[in-house]
Structures are given as structure tokens and as C-alpha cells.
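Notes to accompany the following structure.
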Amino acid sequence: MNKVDSALVKVFMYGLPMVVIFTAFSYSYNTGIIDHATGAAKFFNNLAGLVYASWMALSIILSIRLMVSGTFRDQVLSRFTFIRERDEREVMLTGKATRTTFLTTLAILMFLFCLSCFQVSIYRVPTEQAVDGKIGFVTLGLTCNLMQVSKQVGAHADEPRRQDIFTYSGLPVSSTAIILGLIIWQIFSYNFTMRRLTKDI
């Protein structure tokens, strides 16, 4: 790792606690106070904005470096995920653990993809809108939106009085939560598999 990369990583790591502190302290003020802040409060608000912007820009730069530089990626992420390859045995175990983690992560992604595409709605309509004497309906849908759009299952303008019993229109968690969960899963799965393989030998 060259000196520039090493400096960027150190600034990123040392800057993280500062960002957390500024964020926690900022929540002690409400929006009205911040908008009309003067003196020390205004200075702190401006400083927090500068810290946020700088740290966000550094995060993007490091992310790009991790994607395009194989050496930098190996050195940084190996430490972050606790990967150690001190001898041929550990190299072999790392390969097996990585393969297991990749396949399980792929299975999870396929499961999440299915859940994001399926839509289900169970509802009732007033008696005067009954169809063949039935007022309960089940609507199934399949969608694949590559762009973020609002999804509503079976919601039509001509059914304003329908009573929803159950509606599922995609994953109930945000994309941020999914990505964070997958990052944590990758690290946990690799290290768990590595420990299990080490015990079996």
C-alpha cells in the first residue's frame, strides 16, 4: 500500500468517530434552532457540514480505489474481514470458505430477488360490488422494476371502498438495510466457515 492510500485509509478511519460525534451532537438541536443559529452554534453547524462533505467525498474515493485497484483491495479488505493466509493450508481453507460464502450469498440474493418481484393482495369489497356473490378476492402480481418506483398491489381508482386484509408489494426493508445486511453476512459467513473448516482438520 503506497503512502497516499495509507493516508486516505487513516483519515477515513480517524474521521469516522468525528462524524459519529458530530451526528450525535447535531441531533441535540432541532431544525428551527439550527436555521436561526448564531455564534458558536452556527460555527458548529458549518463545521459539521464541512466534516460530513469531506468524509463523504473520501468515502467515494476509497470505494472507487477498492474497485479498481486489486492490490489496495486485497490489503484493506483482507484486514477488514480478518482474512489470513500465512501458509498453504490457510490458502486452501480460504478458498473453500470463500466458495461457501459466495454460494450462500448468491442463494440469499436469489431469494431476495424473488421477494422483491412478488406482489400479493387479499381484500374485500362491499356487497354491492360482489362478483358472483363473492366479496373476498386475492390478487397476485409479478413485477420487475429496475428503477425505484412506488408499488401498490391491486390499487385501482374504481375500487376506493375495498378493505385490505393483507398486502405485500415487495421487501419491507430499504435497499440500505439490505446492502448493510449483506456486508455483515459476507464477513460473518466467511469467518464462521473458516473456523468450522479449521476445527475439522
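Residue names in the C-alpha cells use chain letters A, B, ... in the order shown, residue numbers from 1 in each chain, and ligand numbers from 1 in the order shown.
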
- Item | Exercise: Ile83 (chain A) partners within 8 Å, only C-alpha atoms, chain neighbours under 4 positions left out, as a PyMOL selection string | chain A and resi 78-79+94

- Note on the structure: CA of Asn191 (chain A) to CA of Thr81 (chain A) measures 7.8 Å

- Message: So, with only C-alpha atoms as the atoms that count, which of A:Leu66, A:Gln75, A:Asp164, A:Gly15 lies closest to Leu50 (chain A)?
- Response: A:Gly15

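With distances restricted to only C-alpha atoms, A:Asn45 is the closest residue to Thr23 (chain A) from A:Asn145, A:Asn45, A:Ser121, A:Leu77.
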
- Would you work out the distance separating CA of Val173 (chain A) from CA of Gly141 (chain A), expressed in Å to one decimal? 19.3 Å

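What separates CA of Ile187 (chain A) from CA of Ile60 (chain A) is a distance of 21.1 Å.
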
- Query: Could you pull out all residues of chain A with a DSSP call of helix (DSSP H, G or I) and give them as an NGL selection string?
  - Reply: :A and (3-26 or 31-35 or 40-68 or 70-80 or 88-117 or 127-129 or 175-200)

Output the selection as a compact mmCIF listing (two decimals), in the first residue's frame - C-alpha atoms for each residue.
```txt
# COMPACT_ATOMS: atom_id res chain seq x y z
CA LYS A 3 1.72 6.35 1.28
CA VAL A 4 -1.25 8.13 -0.31
CA ASP A 5 -3.55 5.13 0.06
CA SER A 6 -2.36 4.58 3.62
CA ALA A 7 -3.05 8.22 4.48
CA LEU A 8 -6.52 8.08 2.94
CA VAL A 9 -7.41 4.98 4.95
CA LYS A 10 -6.15 6.52 8.19
CA VAL A 11 -8.06 9.76 7.61
CA PHE A 12 -11.19 7.75 6.83
CA MET A 13 -10.90 5.62 9.98
CA TYR A 14 -9.98 8.51 12.28
CA GLY A 15 -12.67 10.68 10.71
CA LEU A 16 -15.41 8.13 11.35
CA PRO A 17 -15.61 8.80 15.13
CA MET A 18 -15.73 12.54 14.41
CA VAL A 19 -18.64 12.04 12.03
CA VAL A 20 -20.46 9.98 14.67
CA ILE A 21 -19.82 12.64 17.34
CA PHE A 22 -20.97 15.48 15.08
CA THR A 23 -24.08 13.50 14.12
CA ALA A 24 -24.99 12.73 17.72
CA PHE A 25 -24.41 16.32 18.78
CA SER A 26 -26.39 17.69 15.84
CA THR A 31 -34.30 22.26 12.78
CA GLY A 32 -35.65 25.59 13.98
CA ILE A 33 -32.67 26.22 16.26
CA ILE A 34 -30.17 25.30 13.58
CA ASP A 35 -31.81 27.52 10.97
CA ALA A 40 -20.94 29.03 18.43
CA ALA A 41 -23.97 27.04 17.28
CA LYS A 42 -23.71 28.45 13.75
CA PHE A 43 -19.96 27.75 13.66
CA PHE A 44 -20.54 24.19 14.82
CA ASN A 45 -23.24 23.69 12.18
CA ASN A 46 -20.91 24.92 9.42
CA LEU A 47 -18.05 22.79 10.73
CA ALA A 48 -20.28 19.71 10.85
CA GLY A 49 -21.32 20.30 7.23
CA LEU A 50 -17.67 20.58 6.18
CA VAL A 51 -16.77 17.36 8.04
CA TYR A 52 -19.72 15.49 6.51
CA ALA A 53 -18.92 16.66 2.97
CA SER A 54 -15.21 15.84 3.29
CA TRP A 55 -15.84 12.40 4.77
CA MET A 56 -18.47 11.57 2.15
CA ALA A 57 -16.08 12.59 -0.67
CA LEU A 58 -13.33 10.48 0.91
CA SER A 59 -15.70 7.51 1.18
CA ILE A 60 -16.47 7.70 -2.54
CA ILE A 61 -12.77 7.98 -3.43
CA LEU A 62 -11.87 4.96 -1.28
CA SER A 63 -14.77 2.95 -2.71
CA ILE A 64 -13.57 3.63 -6.25
CA ARG A 65 -10.00 2.71 -5.27
CA LEU A 66 -11.23 -0.57 -3.79
CA MET A 67 -13.00 -1.41 -7.05
CA VAL A 68 -10.19 -0.56 -9.47
CA GLY A 70 -6.51 -5.14 -6.82
CA THR A 71 -3.53 -4.63 -4.53
CA PHE A 72 -5.26 -1.93 -2.48
CA ARG A 73 -8.41 -4.07 -2.27
CA ASP A 74 -6.51 -7.13 -1.07
CA GLN A 75 -4.60 -5.24 1.59
CA VAL A 76 -7.54 -3.25 3.00
CA LEU A 77 -10.39 -5.73 2.78
CA SER A 78 -8.25 -8.63 3.96
CA ARG A 79 -7.70 -6.77 7.23
CA PHE A 80 -11.31 -5.69 7.43
CA GLU A 88 -0.63 -23.18 2.00
CA ARG A 89 -3.16 -24.77 4.36
CA GLU A 90 -4.77 -21.42 5.15
CA VAL A 91 -4.78 -20.52 1.46
CA MET A 92 -6.71 -23.72 0.73
CA LEU A 93 -9.14 -23.12 3.60
CA THR A 94 -9.65 -19.54 2.46
CA GLY A 95 -10.62 -20.79 -0.99
CA LYS A 96 -13.16 -23.21 0.46
CA ALA A 97 -14.61 -20.62 2.84
CA THR A 98 -14.84 -18.06 0.07
CA ARG A 99 -16.63 -20.52 -2.21
CA THR A 100 -19.14 -21.38 0.53
CA THR A 101 -19.75 -17.71 1.30
CA PHE A 102 -20.20 -16.87 -2.38
CA LEU A 103 -22.74 -19.63 -2.95
CA THR A 104 -24.76 -18.87 0.19
CA THR A 105 -24.77 -15.15 -0.62
CA LEU A 106 -25.92 -15.92 -4.16
CA ALA A 107 -28.75 -18.06 -2.75
CA ILE A 108 -29.79 -15.21 -0.44
CA LEU A 109 -29.74 -12.73 -3.33
CA MET A 110 -31.93 -15.03 -5.43
CA PHE A 111 -34.38 -15.33 -2.53
CA LEU A 112 -34.47 -11.56 -2.04
CA PHE A 113 -34.93 -11.05 -5.78
CA CYS A 114 -37.99 -13.31 -5.75
CA LEU A 115 -39.44 -11.50 -2.74
CA SER A 116 -38.89 -8.13 -4.43
CA CYS A 117 -40.77 -9.26 -7.56
CA THR A 127 -71.65 -6.31 -1.10
CA GLU A 128 -72.88 -4.17 -3.99
CA GLN A 129 -69.55 -4.77 -5.76
CA SER A 175 -32.08 -1.03 -0.02
CA THR A 176 -29.65 0.45 2.52
CA ALA A 177 -30.65 -2.17 5.10
CA ILE A 178 -30.29 -4.97 2.53
CA ILE A 179 -26.82 -3.85 1.44
CA LEU A 180 -25.65 -3.43 5.04
CA GLY A 181 -27.06 -6.83 5.94
CA LEU A 182 -25.25 -8.48 3.03
CA ILE A 183 -21.94 -6.86 4.01
CA ILE A 184 -22.30 -8.13 7.57
CA TRP A 185 -23.37 -11.55 6.28
CA GLN A 186 -20.32 -11.82 4.00
CA ILE A 187 -17.92 -11.15 6.86
CA PHE A 188 -19.76 -13.38 9.32
CA SER A 189 -20.24 -16.24 6.87
CA TYR A 190 -16.59 -16.29 5.79
CA ASN A 191 -15.20 -16.24 9.33
CA PHE A 192 -17.72 -18.80 10.60
CA THR A 193 -16.95 -21.16 7.72
CA MET A 194 -13.21 -20.63 8.21
CA ARG A 195 -13.43 -21.56 11.88
CA ARG A 196 -15.53 -24.64 11.11
CA LEU A 197 -13.07 -25.82 8.46
CA THR A 198 -10.14 -25.23 10.80
CA LYS A 199 -11.74 -27.35 13.52
CA ASP A 200 -12.46 -30.18 11.09
```

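The smallest atom-to-atom distance between Val125 (chain A) and any of A:Leu140, A:Leu146, A:Leu171, A:Ile165, using only C-alpha atoms, is found for A:Ile165.
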
- as JSON, numbers by chain, list the residues of region 79-128 of chain A assigned to strand (DSSP E) by DSSP on the backbone atoms of this structure. {"A": [118, 119, 120, 121, 122, 123, 124]}

- Item | Residue neighbourhood Arg124 (chain A), 7 Å, only C-alpha atoms, exclusion window fewer than 2 positions, as a list in words | Pro126, Ile135, Gly136, Phe137, Arg162, Gln163 and Asp164 of chain A
